[in-house]
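Inspection log for the structure reproduced underneath, given as structure tokens.
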Amino acid sequence: MKQSVPLSLIRREVRTVLNMRPGFGKTEAQLLEFSNALIGGGISLQELRDALEWNLSERFIRSERDDEANETLWFITQSGIAQQNIR
Amino acid sequence: MARKETADKEVRKDAKLQNLVLRDKQAYEDLWRFRYPEEGGTKLGFDEILIEIPKLYGFTVSLSTLSNFYDWFKVRKSIDDDADFSEQFMQELAKKDSFTPTQIREAGQKLFTLRSIRNENPKEFRDIAMLGQDEERLKQNDKRIAVSKESVSIQERRISLLEEKAAEAKAKLVALTTSGKSKGGITPETLALIEEAARLL
């Protein structure tokens with residue numbers, strides 16, 4: 001049976017990845033790969049998108065559309081960095 | 001692969017090692033080489049690294065902390081390598097006068113994104129590509145639905161117009177039959193009006 005990953009953990013690890021070299025935007029594919037690497041696997045694309053949506057609603061992250069590459073790039077915000085520092 | 005429950009704890013015990021490699025470039029290189037030595041080097045096991053850390057940095061860590069740290073470090077190193085490469089490229093571009101800061105930043109970002117693809121999990125990448133195709137299909141469906149809706153709207157407007165004309169014709173007929181001019185017979189003018197009304201109805 002597939003073990004579900006707590007949403008709170010996915011939300012946080014998404015920020016962890018975005019907080020690494022925050023000047024560079026990350027694609028969904030990168031976030032999926034790296035978040036899974038941090039957690040040990042098990043995050044689906046839908047779960048990642050839910051986590052992104054939540055972080056976006058909290059203004060911890062922001063997105064930029066790259067129309068030329070047809071990609072959305074994700075960045076951590078100052079609020080997101082502050083949130084990461086609360087342990 | 002089993003999920004690591006320890007990663008969900010509120011206090012991250014691996015912060016010491018993370019902070020160390022972020023502020024000390026030498027520690028960064030050394031700790032990386034312990035697990036991923038250059039050609040001809042010896043890879044250290046976690047048990048050996050656990051002995052090295054107190055000697056080199058003056059603090060101890062647990063095995064699970066070390067394991068979590070290296071999960072984080074692998075991601076960090078991958079991102080750092082791509083980001084460093086992109087930054088070098090951006091610095092080269094900045095030496096030329098022909099690029100604006102925005103163009104340089106965009107080029108660096110593109111390079112960073114492109115470089116990450118080589119490390120991409122092929123299955124996930126394929127899934128995402130498929131998803132992109134699905135999204136394209138959905139967009140096309142949306143367009144088709146929009147065209148259908150427009151067509152229905154035109155039909156509705158046409159029906160509404162016909163109803164208006166029919167009501168108008170009916171009103172003319174009623175006016176003719178009830179007017180004082182009507183003397184029992186049908187004039188050619190009245191007949192033409194009846195025909196016109198019949199066409200509209």
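Chain lettering (A, B, ...) mirrors the order of the structure tokens, residue numbering begins at 1 for each chain separately, and ligand numbering begins at 1 in order of display.
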
Show me, as JSON, numbers by chain, the residues of chain A whose atoms get within 12 Å of chain B, using only C-alpha atoms for the distance check. {"A": [1, 2, 3, 4, 5, 6, 7, 8, 9, 10, 11, 12, 13, 16, 17, 18, 19, 20, 21, 22, 23, 24, 25, 26, 27, 28, 29, 30, 31, 32, 33, 34, 35, 36, 37, 38, 39, 40, 41, 42, 43, 44, 45, 46, 64, 65, 66, 67, 68, 69, 70, 71, 72, 73, 74, 75, 84, 85, 86, 87]}

Can you list every residue in chain A that DSSP puts in helix (DSSP H, G or I), as a count of residues only? 45

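Atom CA of B:Leu22 is positioned 18.9 Å from atom CA of A:Gly80.
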
Do you have the atom CA of B:Leu114-atom CA of B:Trp32 distance handy? 24.1 Å

In Å, how far is it from atom CA of B:Ala107 to atom CA of B:Met90?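 Separation between atom CA of B:Ala107 and atom CA of B:Met90: 7.4 Å.
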